[in-house]
>>> print(open('protein_4.txt').read())   # compact mmCIF, C-alpha atoms
# COMPACT_ATOMS: atom_id res chain seq x y z
CA MET A 1 -129.16 98.97 -64.51
CA PHE A 2 -128.71 95.18 -64.33
CA ASP A 3 -131.62 93.43 -66.09
CA LEU A 4 -131.88 90.02 -64.41
CA GLU A 5 -134.75 88.91 -66.64
CA ARG A 6 -132.78 89.76 -69.81
CA TRP A 7 -129.76 87.73 -68.71
CA GLN A 8 -132.02 84.85 -67.68
CA GLU A 9 -133.30 84.77 -71.24
CA ILE A 10 -129.75 84.64 -72.55
CA PHE A 11 -128.91 81.68 -70.32
CA ASP A 12 -132.10 79.90 -71.41
CA THR A 13 -131.17 80.39 -75.06
CA ILE A 14 -127.66 79.12 -74.45
CA ARG A 15 -128.99 76.02 -72.71
CA LYS A 16 -131.24 75.29 -75.68
CA ASN A 17 -128.29 75.56 -78.04
CA LYS A 18 -125.68 74.32 -75.61
CA LEU A 19 -123.73 72.10 -78.02
CA ARG A 20 -123.50 74.72 -80.77
CA THR A 21 -122.72 77.43 -78.23
CA PHE A 22 -120.06 75.28 -76.58
CA LEU A 23 -118.35 74.52 -79.88
CA THR A 24 -118.47 78.17 -80.96
CA GLY A 25 -117.13 79.34 -77.60
CA LEU A 26 -114.41 76.71 -77.76
CA SER A 27 -113.38 77.96 -81.19
CA VAL A 28 -113.19 81.56 -79.95
CA ALA A 29 -111.34 80.59 -76.75
CA SER A 30 -108.86 78.43 -78.67
CA GLY A 31 -108.19 81.31 -81.05
CA ILE A 32 -107.24 83.64 -78.20
CA PHE A 33 -105.34 80.84 -76.45
CA ILE A 34 -103.31 79.99 -79.56
CA LEU A 35 -102.62 83.65 -80.37
CA VAL A 36 -101.41 84.53 -76.85
CA VAL A 37 -99.24 81.40 -76.56
CA LEU A 38 -97.69 82.00 -79.99
CA LEU A 39 -97.01 85.65 -79.16
CA GLY A 40 -95.49 84.52 -75.86
CA PHE A 41 -93.09 82.20 -77.63
CA GLY A 42 -92.31 84.94 -80.15
CA ASN A 43 -91.25 87.18 -77.25
CA GLY A 44 -89.38 84.23 -75.75
CA MET A 45 -87.36 83.92 -78.95
CA GLN A 46 -86.49 87.61 -78.81
CA ASN A 47 -85.44 87.23 -75.17
CA GLY A 48 -83.28 84.24 -76.06
CA ILE A 49 -81.57 86.00 -78.93
CA LYS A 50 -81.02 89.08 -76.78
CA ARG A 51 -79.37 86.93 -74.10
CA GLU A 52 -77.15 85.23 -76.67
CA PHE A 53 -75.84 88.57 -77.87
CA GLU A 54 -75.44 89.89 -74.32
CA GLN A 55 -72.65 87.35 -73.82
CA ASP A 56 -70.39 89.75 -75.70
CA ALA A 57 -70.61 93.51 -76.08
CA THR A 58 -73.45 94.41 -78.45
CA THR A 59 -71.13 96.32 -80.80
CA SER A 60 -68.32 93.76 -80.80
CA LEU A 61 -66.49 92.57 -83.93
CA TRP A 62 -64.17 89.56 -84.09
CA VAL A 63 -61.47 88.76 -86.64
CA TRP A 64 -59.91 85.38 -87.34
CA THR A 65 -58.10 83.88 -90.31
CA GLY A 66 -58.03 80.68 -92.30
CA VAL A 67 -56.51 79.39 -95.54
CA THR A 68 -56.59 81.20 -98.88
CA SER A 69 -58.86 79.63 -101.47
CA LYS A 70 -57.78 81.60 -104.57
CA GLU A 71 -54.56 82.39 -106.44
CA TYR A 72 -53.66 86.07 -106.14
CA LYS A 73 -50.71 88.08 -107.45
CA GLY A 74 -48.72 84.95 -108.22
CA LEU A 75 -49.35 83.38 -104.82
CA ASN A 76 -50.94 79.93 -104.79
CA PRO A 77 -54.11 79.09 -102.86
CA GLY A 78 -53.80 77.07 -99.65
CA ARG A 79 -51.69 79.62 -97.76
CA ARG A 80 -52.50 79.86 -94.06
CA ILE A 81 -52.92 83.46 -92.94
CA GLN A 82 -51.43 84.28 -89.52
CA LEU A 83 -52.46 87.37 -87.55
CA THR A 84 -49.61 89.23 -85.83
CA ASN A 85 -49.01 92.07 -83.40
CA GLU A 86 -48.31 94.30 -86.39
CA ASN A 87 -51.80 93.61 -87.75
CA PHE A 88 -53.31 94.58 -84.41
CA ASP A 89 -51.24 97.75 -84.09
CA SER A 90 -51.76 98.94 -87.67
CA SER A 91 -55.51 98.28 -87.56
CA GLY A 92 -55.80 100.14 -84.25
CA LYS A 93 -54.02 103.19 -85.70
CA LEU A 94 -55.95 103.13 -88.98
CA PHE A 95 -59.37 102.97 -87.28
CA SER A 96 -58.50 104.75 -84.01
CA GLU A 97 -61.38 107.23 -84.36
CA THR A 98 -63.91 104.42 -84.84
CA ILE A 99 -62.83 101.91 -82.17
CA GLU A 100 -64.01 102.03 -78.56
CA TYR A 101 -62.11 99.00 -77.14
CA GLN A 102 -59.69 96.58 -78.78
CA SER A 103 -57.80 93.48 -77.74
CA PRO A 104 -55.77 90.72 -79.39
CA ARG A 105 -56.12 87.14 -78.20
CA LEU A 106 -53.81 84.15 -78.19
CA PHE A 107 -54.84 80.59 -77.26
CA VAL A 108 -52.10 79.02 -75.13
CA ARG A 109 -51.92 75.34 -76.05
CA ASP A 110 -49.79 72.31 -75.15
CA VAL A 111 -49.26 73.40 -71.54
CA THR A 112 -50.03 71.76 -68.19
CA VAL A 113 -51.95 73.52 -65.43
CA ASN A 114 -51.69 72.50 -61.76
CA TYR A 115 -53.00 73.73 -58.45
CA GLY A 116 -50.88 72.01 -55.83
CA LYS A 117 -51.03 68.32 -56.74
CA GLU A 118 -54.27 68.68 -58.70
CA ALA A 119 -54.07 68.79 -62.49
CA LEU A 120 -56.48 71.23 -64.15
CA VAL A 121 -57.88 70.94 -67.66
CA TYR A 122 -59.02 74.42 -68.63
CA SER A 123 -58.32 76.66 -71.61
CA ILE A 124 -55.78 79.45 -71.22
CA GLN A 125 -56.09 82.63 -73.25
CA GLY A 126 -53.75 85.59 -73.46
CA VAL A 127 -55.66 88.87 -73.70
CA SER A 128 -55.18 92.58 -73.04
CA ASP A 129 -56.67 94.75 -70.31
CA GLN A 130 -59.54 95.89 -72.60
CA PHE A 131 -60.77 92.37 -73.33
CA GLN A 132 -63.04 92.52 -70.26
CA PHE A 133 -65.28 95.11 -71.95
CA ILE A 134 -65.36 93.29 -75.27
CA GLU A 135 -66.30 89.91 -73.79
CA ASN A 136 -68.71 91.60 -71.36
CA THR A 137 -66.97 89.83 -68.49
CA ARG A 138 -68.19 90.63 -64.97
CA ILE A 139 -65.68 90.52 -62.14
CA ILE A 140 -67.11 89.03 -58.93
CA GLU A 141 -63.87 88.80 -56.94
CA GLY A 142 -60.62 90.74 -57.21
CA ARG A 143 -59.90 92.44 -60.54
CA PHE A 144 -59.25 91.84 -64.21
CA ILE A 145 -55.94 92.22 -66.04
CA ASN A 146 -54.88 95.86 -66.01
CA TYR A 147 -52.57 97.88 -68.24
CA GLN A 148 -49.63 97.49 -65.84
CA ASP A 149 -49.94 93.69 -66.05
CA TYR A 150 -50.08 93.97 -69.85
CA ALA A 151 -47.07 96.30 -70.08
CA SER A 152 -44.87 94.43 -67.60
CA THR A 153 -45.68 90.86 -68.80
CA ALA A 154 -46.87 90.04 -65.27
CA LYS A 155 -47.45 86.42 -64.28
CA ILE A 156 -51.01 86.84 -63.04
CA ALA A 157 -54.24 85.01 -63.91
CA VAL A 158 -57.98 85.66 -63.83
CA ILE A 159 -60.13 82.53 -63.51
CA GLY A 160 -63.77 81.75 -64.28
CA ARG A 161 -66.40 81.25 -61.59
CA LYS A 162 -66.79 77.57 -62.48
CA ILE A 163 -63.06 77.01 -61.87
CA ARG A 164 -63.40 78.82 -58.56
CA THR A 165 -66.30 76.51 -57.58
CA ASP A 166 -64.70 73.27 -58.77
CA VAL A 167 -61.09 73.78 -57.68
CA PHE A 168 -60.98 76.41 -54.93
CA ASN A 169 -64.02 75.34 -52.90
CA LYS A 170 -61.88 74.62 -49.82
CA VAL A 171 -60.46 78.13 -49.52
CA GLU A 172 -62.30 81.28 -48.57
CA THR A 173 -61.11 83.05 -51.73
CA PRO A 174 -58.79 82.05 -54.57
CA ILE A 175 -57.40 85.60 -54.74
CA GLY A 176 -53.70 85.37 -53.89
CA GLU A 177 -53.48 81.63 -54.59
CA PHE A 178 -51.03 80.35 -57.21
CA ILE A 179 -51.53 77.99 -60.13
CA GLU A 180 -48.66 76.56 -62.15
CA ILE A 181 -48.73 76.74 -65.93
CA SER A 182 -46.04 74.41 -67.28
CA GLY A 183 -44.28 74.75 -63.93
CA ILE A 184 -44.38 78.57 -63.86
CA PRO A 185 -46.35 80.08 -60.94
CA PHE A 186 -49.15 82.53 -61.79
CA LYS A 187 -50.89 84.50 -59.07
CA ILE A 188 -54.71 84.60 -59.20
CA VAL A 189 -55.92 88.21 -59.01
CA GLY A 190 -59.57 87.88 -60.03
CA VAL A 191 -62.64 85.72 -60.65
CA PHE A 192 -65.04 86.50 -63.49
CA LYS A 193 -68.60 85.52 -64.29
CA GLU A 194 -70.08 84.77 -67.71
CA TYR A 195 -73.53 83.88 -69.09
CA GLU A 196 -72.57 80.27 -69.86
CA ASP A 197 -70.68 77.73 -67.74
CA ARG A 198 -68.38 76.73 -70.61
CA GLU A 199 -67.11 80.31 -70.82
CA GLU A 200 -66.31 80.21 -67.11
CA GLU A 201 -63.82 77.40 -67.73
CA ARG A 202 -61.22 79.86 -68.99
CA ILE A 203 -58.06 81.25 -67.47
CA TYR A 204 -57.02 84.68 -68.72
CA ILE A 205 -53.40 85.85 -68.58
CA PRO A 206 -51.77 88.97 -70.11
CA ILE A 207 -51.16 88.39 -73.82
CA THR A 208 -47.67 89.82 -73.55
CA THR A 209 -46.88 87.13 -70.96
CA ALA A 210 -48.48 84.42 -73.12
CA GLN A 211 -46.34 85.39 -76.11
CA LYS A 212 -43.09 85.78 -74.19
CA VAL A 213 -43.27 82.88 -71.74
CA PHE A 214 -44.99 80.28 -73.93
CA ASN A 215 -43.18 80.94 -77.22
CA GLY A 216 -46.07 82.76 -78.83
CA GLY A 217 -43.74 85.07 -80.70
CA ASP A 218 -45.80 87.83 -82.27
CA ARG A 219 -48.58 85.47 -83.34
CA LEU A 220 -52.28 86.13 -82.56
CA ASN A 221 -55.38 83.98 -82.97
CA THR A 222 -58.05 86.66 -83.04
CA LEU A 223 -58.52 90.41 -83.00
CA SER A 224 -61.53 91.84 -81.21
CA TYR A 225 -63.07 95.30 -81.16
CA THR A 226 -66.08 97.24 -79.96
CA LEU A 227 -67.54 100.36 -81.50
CA PRO A 228 -69.10 103.24 -79.53
CA PRO A 229 -72.83 102.65 -78.93
CA LYS A 230 -75.35 104.63 -80.98
CA GLU A 231 -78.89 105.68 -80.08
CA ASN A 232 -80.19 104.55 -83.48
CA PHE A 233 -79.88 100.81 -84.11
CA ASP A 234 -79.82 101.11 -87.91
CA GLN A 235 -77.06 103.72 -87.72
CA ALA A 236 -75.04 101.45 -85.43
CA VAL A 237 -75.44 98.54 -87.88
CA ALA A 238 -74.40 100.75 -90.81
CA GLU A 239 -71.25 101.94 -89.01
CA ALA A 240 -70.40 98.39 -87.94
CA THR A 241 -70.76 97.22 -91.55
CA MET A 242 -68.47 100.02 -92.80
CA PHE A 243 -65.88 99.21 -90.15
CA LYS A 244 -66.08 95.49 -90.93
CA GLU A 245 -65.59 96.01 -94.66
CA GLY A 246 -62.74 98.49 -94.12
CA LEU A 247 -60.94 96.25 -91.62
CA LYS A 248 -61.30 93.18 -93.83
CA LYS A 249 -60.02 95.07 -96.88
CA HIS A 250 -57.01 96.34 -94.88
CA LEU A 251 -56.06 92.86 -93.64
CA GLN A 252 -56.53 91.35 -97.11
CA GLN A 253 -54.14 93.91 -98.56
CA VAL A 254 -51.56 93.35 -95.80
CA HIS A 255 -51.60 89.58 -96.33
CA THR A 256 -51.94 89.71 -100.15
CA VAL A 257 -55.33 88.04 -100.23
CA ALA A 258 -57.78 88.28 -103.14
CA PRO A 259 -60.68 90.67 -102.38
CA ASP A 260 -63.22 87.96 -103.19
CA ASP A 261 -61.50 85.26 -101.09
CA THR A 262 -64.06 84.41 -98.40
CA SER A 263 -62.03 81.94 -96.34
CA ALA A 264 -58.73 83.72 -95.67
CA VAL A 265 -59.93 86.59 -93.44
CA GLU A 266 -63.22 86.45 -91.54
CA VAL A 267 -64.80 89.39 -89.68
CA TRP A 268 -67.91 88.72 -87.57
CA SER A 269 -70.15 91.58 -86.43
CA ALA A 270 -72.53 91.11 -83.49
CA LEU A 271 -74.74 93.95 -84.72
CA GLU A 272 -75.18 92.45 -88.19
CA GLU A 273 -76.05 89.09 -86.66
CA ALA A 274 -78.46 90.75 -84.23
CA LYS A 275 -80.23 92.54 -87.06
CA ARG A 276 -80.51 89.29 -89.01
CA TYR A 277 -81.98 87.41 -86.05
CA TYR A 278 -84.32 90.24 -85.04
CA SER A 279 -85.65 90.40 -88.61
CA LEU A 280 -86.23 86.65 -88.50
CA THR A 281 -88.08 86.77 -85.17
CA GLY A 282 -90.12 89.72 -86.44
CA ASN A 283 -91.27 87.66 -89.43
CA ILE A 284 -92.03 84.70 -87.16
CA LYS A 285 -94.15 86.91 -84.90
CA LEU A 286 -96.06 88.19 -87.95
CA PHE A 287 -96.73 84.58 -88.92
CA PHE A 288 -97.91 83.85 -85.36
CA TRP A 289 -100.28 86.83 -85.56
CA PHE A 290 -101.59 85.56 -88.88
CA VAL A 291 -102.28 82.06 -87.51
CA GLY A 292 -103.91 83.42 -84.33
CA VAL A 293 -106.05 85.98 -86.15
CA CYS A 294 -107.24 83.38 -88.66
CA THR A 295 -108.28 81.14 -85.77
CA ILE A 296 -110.11 84.04 -84.12
CA ILE A 297 -111.88 84.91 -87.38
CA ALA A 298 -113.07 81.32 -87.61
CA GLY A 299 -114.52 81.70 -84.10
CA VAL A 300 -116.20 85.02 -84.96
CA VAL A 301 -117.76 83.47 -88.06
CA GLY A 302 -119.01 80.69 -85.80
CA VAL A 303 -120.59 83.29 -83.50
CA SER A 304 -122.34 84.88 -86.48
CA ASN A 305 -123.63 81.49 -87.65
CA ILE A 306 -124.99 80.51 -84.26
CA MET A 307 -126.74 83.87 -83.97
CA LEU A 308 -128.39 83.20 -87.33
CA ILE A 309 -129.59 79.85 -85.99
CA VAL A 310 -130.83 81.53 -82.81
CA VAL A 311 -132.76 84.10 -84.85
CA LYS A 312 -134.31 81.35 -86.96
CA GLU A 313 -135.36 79.30 -83.92
CA ARG A 314 -136.78 82.35 -82.16
CA THR A 315 -138.61 83.82 -85.16
CA ARG A 316 -142.04 83.25 -83.61
CA GLU A 317 -140.92 84.73 -80.28
CA ILE A 318 -139.53 87.77 -82.07
CA GLY A 319 -142.85 88.20 -83.90
CA ILE A 320 -144.78 88.10 -80.63
CA ARG A 321 -142.41 90.68 -79.08
CA LYS A 322 -142.89 92.99 -82.06
CA ALA A 323 -146.69 92.48 -81.93
CA LEU A 324 -146.59 93.57 -78.30
CA GLY A 325 -144.76 96.76 -79.25
CA ALA A 326 -141.08 95.85 -79.05
CA LYS A 327 -138.93 98.35 -80.94
CA PRO A 328 -136.44 97.12 -83.60
CA TRP A 329 -133.46 98.24 -81.53
CA SER A 330 -134.67 96.24 -78.54
CA ILE A 331 -134.70 93.14 -80.79
CA VAL A 332 -131.19 94.01 -82.00
CA GLY A 333 -130.03 94.48 -78.42
CA MET A 334 -131.49 91.11 -77.42
CA ILE A 335 -129.44 89.26 -80.06
CA LEU A 336 -126.32 91.37 -79.52
CA HIS A 337 -126.37 90.58 -75.79
CA GLU A 338 -126.03 86.90 -76.59
CA SER A 339 -123.27 87.48 -79.17
CA ILE A 340 -121.28 89.66 -76.76
CA PHE A 341 -121.78 87.20 -73.92
CA VAL A 342 -120.40 84.25 -75.92
CA THR A 343 -117.37 86.15 -77.26
CA ALA A 344 -116.55 87.83 -73.93
CA ILE A 345 -116.73 84.65 -71.82
CA SER A 346 -114.83 82.59 -74.41
CA GLY A 347 -112.26 85.30 -75.09
CA PHE A 348 -111.41 85.99 -71.46
CA GLY A 349 -111.46 82.25 -70.74
CA GLY A 350 -108.87 81.62 -73.46
CA LEU A 351 -106.84 84.61 -72.23
CA ILE A 352 -106.76 83.41 -68.62
CA LEU A 353 -105.76 79.86 -69.58
CA SER A 354 -103.00 81.05 -71.92
CA MET A 355 -101.60 83.54 -69.39
CA LEU A 356 -101.60 80.85 -66.68
CA LEU A 357 -99.78 78.46 -69.00
CA LEU A 358 -97.10 81.05 -69.84
CA GLU A 359 -96.79 82.04 -66.18
CA VAL A 360 -96.29 78.45 -65.00
CA VAL A 361 -94.38 76.93 -67.91
CA GLY A 362 -92.54 80.02 -69.24
CA PRO A 363 -89.86 80.43 -66.53
CA ASN A 364 -89.00 76.71 -66.81
CA VAL A 365 -88.53 76.64 -70.59
CA GLU A 366 -84.93 75.75 -71.43
CA ILE A 367 -84.69 75.74 -75.21
CA ASP A 368 -81.91 77.27 -77.31
CA TYR A 369 -82.84 80.82 -78.29
CA VAL A 370 -86.09 80.74 -76.27
CA VAL A 371 -86.04 82.34 -72.81
CA ASN A 372 -89.04 83.03 -70.55
CA PRO A 373 -91.83 83.19 -73.15
CA SER A 374 -94.35 85.80 -72.01
CA VAL A 375 -96.74 88.33 -73.45
CA ASN A 376 -97.64 91.89 -72.54
CA LEU A 377 -100.92 91.81 -70.58
CA LYS A 378 -102.10 95.05 -72.18
CA VAL A 379 -101.65 93.58 -75.66
CA ALA A 380 -103.50 90.40 -74.66
CA VAL A 381 -106.43 92.26 -73.09
CA ALA A 382 -106.60 94.64 -76.07
CA THR A 383 -106.79 91.59 -78.35
CA VAL A 384 -109.74 90.21 -76.37
CA LEU A 385 -111.51 93.59 -76.49
CA VAL A 386 -111.03 93.68 -80.26
CA LEU A 387 -112.42 90.13 -80.36
CA ILE A 388 -115.52 91.24 -78.43
CA LEU A 389 -115.97 94.14 -80.84
CA ALA A 390 -115.66 91.70 -83.76
CA GLY A 391 -118.19 89.42 -82.06
CA THR A 392 -120.53 92.38 -81.69
CA ILE A 393 -120.23 93.19 -85.38
CA ALA A 394 -120.70 89.50 -86.24
CA GLY A 395 -123.87 89.41 -84.14
CA PHE A 396 -125.22 92.67 -85.52
CA PHE A 397 -126.16 91.30 -88.94
CA PRO A 398 -128.28 88.42 -87.58
CA ALA A 399 -129.74 90.90 -85.07
CA TRP A 400 -130.63 93.37 -87.81
CA ARG A 401 -132.22 90.55 -89.79
CA ALA A 402 -134.30 89.67 -86.74
CA ALA A 403 -135.38 93.29 -86.32
CA ARG A 404 -136.61 93.43 -89.92
CA ILE A 405 -138.79 90.31 -89.66
CA LYS A 406 -142.42 91.17 -90.39
CA VAL A 407 -144.81 90.36 -87.58
CA ILE A 408 -147.27 88.40 -89.73
CA GLU A 409 -144.50 86.22 -91.21
CA ALA A 410 -142.99 85.61 -87.79
CA LEU A 411 -146.32 84.51 -86.29
CA ARG A 412 -146.84 82.06 -89.16
CA ASP A 413 -143.41 80.47 -88.57
CA GLU A 414 -143.58 76.90 -87.30
>>> encode(input="protein_4.txt", output="structure tokens")
Amino acid sequence: MFDLERWQEIFDTIRKNKLRTFLTGLSVASGIFILVVLLGFGNGMQNGIKREFEQDATTSLWVWTGVTSKEYKGLNPGRRIQLTNENFDSSGKLFSETIEYQSPRLFVRDVTVNYGKEALVYSIQGVSDQFQFIENTRIIEGRFINYQDYASTAKIAVIGRKIRTDVFNKVETPIGEFIEISGIPFKIVGVFKEYEDREEERIYIPITTAQKVFNGGDRLNTLSYTLPPKENFDQAVAEATMFKEGLKKHLQQVHTVAPDDTSAVEVWSALEEAKRYYSLTGNIKLFFWFVGVCTIIAGVVGVSNIMLIVVKERTREIGIRKALGAKPWSIVGMILHESIFVTAISGFGGLILSMLLLEVVGPNVEIDYVVNPSVNLKVAVATVLVLILAGTIAGFFPAWRAARIKVIEALRDE
């Protein structure tokens, strides 16, 4: 049953101690506000990192080479290591049971690209038909390179969406149009979409065509692979690490590179990087929790202090209530009502403000590795409920002290 007189007493007490109550409530509200905002940005960091890794297949691995930094088996340092078709073929056979998709890649340089009389400045890459699944490329028009294109060294091209928008905005579709690469016509068969605009400024052609037509020989710039997905993340990371170490060891042996040479052969694993970043964001979120909880504790201590002051100022009133027959638990309830009121109003106030801020500002945040900072409403509400429980406990001790005041001492209080 709603006790209007009881709540009127609470409001009267708050008005008498309005400055102290305001500051205490502000401390509690700021604690919840800071905690929710920090947790929101922690989730935003996880969203950003997840999006970064979604640009390529989650289980992708990439191989590239550099220059040897150590003498090995009579060979001097400073040798440039060149990947070849043989490296790609031998690695594919050696790890055939482990690999899901694989593709070599060759960057076609020192060529001119034209569409009619318009000169185009975009990167051209020779890839295989499986590269689409490794790069996580989404086809929005036409198709990607297929095996027949790869096997027959077809003169076809797949362009990025940005190229389609910038160059082919006057035609209904670029599919079937021709671009000239160093004077050789290539038919456009597809348009792809990526997560970033810069990755949509690419033109893909079959790698066999790139090597044959543009004097690529058997040279390759990178090797790329994906591994079959696993239900357990740690198991997937472990298998990716084993594959990475085995592949690197194989290529080092083929090219006579010292096992401890870190610059000649590089293998990058998306899963290992993801684990590293997720561990980092997990530690950051723990730090955010620590900061927020410490702020909340400061607010709860403030609630306990103000309740002690309230008890001291109302000692005579408490004595009169007890003289008139008030039970100890009714005195405890009177003080607890005020403690719960302050923490509940402040806590939910801080929650509402923080959720509104994340709702309004979150979708517009454009920071590297931070995307749409938000927080689970259930977690936020549960935090406030825990805060109210903590406020109740904080108010209990002053309330119990009030209940134990002797009537004669309370009536003598000035």
>>> residues_around(input="protein_4.txt", residues="Leu120 (chain A)", least_positions_apart="6", cutoff="12 Å", atoms="only C-alpha atoms", output="ChimeraX atom specification")
/A:111-114,159,163-164,166-168,179-182,201-203
>>> write_last_selection(input="protein_4.txt", atoms="C-alpha atoms", output="short mmCIF file (atom, residue, chain, number, x, y, z; two decimals), keeping the file's coordinate frame")
data_model
loop_
_atom_site.label_atom_id
_atom_site.label_comp_id
_atom_site.auth_asym_id
_atom_site.auth_seq_id
_atom_site.Cartn_x
_atom_site.Cartn_y
_atom_site.Cartn_z
CA VAL A 111 -49.26 73.40 -71.54
CA THR A 112 -50.03 71.76 -68.19
CA VAL A 113 -51.95 73.52 -65.43
CA ASN A 114 -51.69 72.50 -61.76
CA ILE A 159 -60.13 82.53 -63.51
CA ILE A 163 -63.06 77.01 -61.87
CA ARG A 164 -63.40 78.82 -58.56
CA ASP A 166 -64.70 73.27 -58.77
CA VAL A 167 -61.09 73.78 -57.68
CA PHE A 168 -60.98 76.41 -54.93
CA ILE A 179 -51.53 77.99 -60.13
CA GLU A 180 -48.66 76.56 -62.15
CA ILE A 181 -48.73 76.74 -65.93
CA SER A 182 -46.04 74.41 -67.28
CA GLU A 201 -63.82 77.40 -67.73
CA ARG A 202 -61.22 79.86 -68.99
CA ILE A 203 -58.06 81.25 -67.47
#
>>> residues_around(input="protein_4.txt", residues="region 349-360 of chain A", least_positions_apart="3", cutoff="9 Å", atoms="only C-alpha atoms", output="ChimeraX atom specification")
/A:26,28-37,40-41,344-346,363-364,372-375,377,380-381,384
>>> atom_distance(input="protein_4.txt", atom1="CA of Thr222 (chain A)", atom2="CA of Glu196 (chain A)")
20.6 Å
>>> atom_distance(input="protein_4.txt", atom1="CA of Thr226 (chain A)", atom2="CA of Gly44 (chain A)")
27.0 Å
>>> closest_residue(input="protein_4.txt", among="A:Asp218, A:Glu141, A:Glu338, A:Glu199", to="Pro104 (chain A)", atoms="all atoms listed in the file")
A:Asp218
>>> closest_residue(input="protein_4.txt", among="A:Leu389, A:Ala270, A:Ala240, A:Val191", to="Thr137 (chain A)", atoms="all atoms listed in the file")
A:Val191
>>> atom_distance(input="protein_4.txt", atom1="CA of Asp129 (chain A)", atom2="CA of Asp149 (chain A)")
8.0 Å
>>> closest_residue(input="protein_4.txt", among="A:Leu271, A:Leu220, A:Ile99, A:Leu247", to="Asp234 (chain A)", atoms="all atoms listed in the file")
A:Leu271
>>> residues_around(input="protein_4.txt", residues="region 72-79 of chain A", least_positions_apart="5", cutoff="12 Å", atoms="all atoms listed in the file", output="PyMOL selection string")
chain A and resi 65-67+252-253+255-261+263-265
>>> closest_residue(input="protein_4.txt", among="A:Leu223, A:Ile335, A:Leu61, A:Ile145", to="Asp89 (chain A)", atoms="all atoms listed in the file")
A:Leu223
>>> axis_aligned_box(input="protein_4.txt", around="region 170-174 of chain A", padding_each_side="8 Å", output="lines of an AutoDock Vina configuration file")
center_x = -60.5
center_y = 78.8
center_z = -51.6
size_x = 19.5
size_y = 24.4
size_z = 22.0
>>> closest_residue(input="protein_4.txt", among="A:Val108, A:Leu94, A:Ala382, A:Ala394", to="Asn215 (chain A)", atoms="only C-alpha atoms")
A:Val108
>>> residues_around(input="protein_4.txt", residues="Ser103 (chain A)", least_positions_apart="4", cutoff="12 Å", atoms="only C-alpha atoms", output="CSV table (one decimal) with C-alpha atoms, keeping the file's coordinate frame")
chain,number,residue,atom,x,y,z
A,60,SER,CA,-68.3,93.8,-80.8
A,61,LEU,CA,-66.5,92.6,-83.9
A,62,TRP,CA,-64.2,89.6,-84.1
A,63,VAL,CA,-61.5,88.8,-86.6
A,85,ASN,CA,-49.0,92.1,-83.4
A,87,ASN,CA,-51.8,93.6,-87.8
A,88,PHE,CA,-53.3,94.6,-84.4
A,89,ASP,CA,-51.2,97.8,-84.1
A,91,SER,CA,-55.5,98.3,-87.6
A,92,GLY,CA,-55.8,100.1,-84.2
A,99,ILE,CA,-62.8,101.9,-82.2
A,125,GLN,CA,-56.1,82.6,-73.2
A,126,GLY,CA,-53.8,85.6,-73.5
A,127,VAL,CA,-55.7,88.9,-73.7
A,128,SER,CA,-55.2,92.6,-73.0
A,129,ASP,CA,-56.7,94.8,-70.3
A,130,GLN,CA,-59.5,95.9,-72.6
A,131,PHE,CA,-60.8,92.4,-73.3
A,132,GLN,CA,-63.0,92.5,-70.3
A,133,PHE,CA,-65.3,95.1,-72.0
A,134,ILE,CA,-65.4,93.3,-75.3
A,135,GLU,CA,-66.3,89.9,-73.8
A,145,ILE,CA,-55.9,92.2,-66.0
A,147,TYR,CA,-52.6,97.9,-68.2
A,150,TYR,CA,-50.1,94.0,-69.8
A,206,PRO,CA,-51.8,89.0,-70.1
A,207,ILE,CA,-51.2,88.4,-73.8
A,208,THR,CA,-47.7,89.8,-73.6
A,220,LEU,CA,-52.3,86.1,-82.6
A,221,ASN,CA,-55.4,84.0,-83.0
A,222,THR,CA,-58.0,86.7,-83.0
A,223,LEU,CA,-58.5,90.4,-83.0
A,224,SER,CA,-61.5,91.8,-81.2
A,225,TYR,CA,-63.1,95.3,-81.2
A,226,THR,CA,-66.1,97.2,-80.0
>>> closest_residue(input="protein_4.txt", among="A:Arg105, A:Lys285, A:Arg198, A:Lys155", to="Leu39 (chain A)", atoms="only C-alpha atoms")
A:Lys285
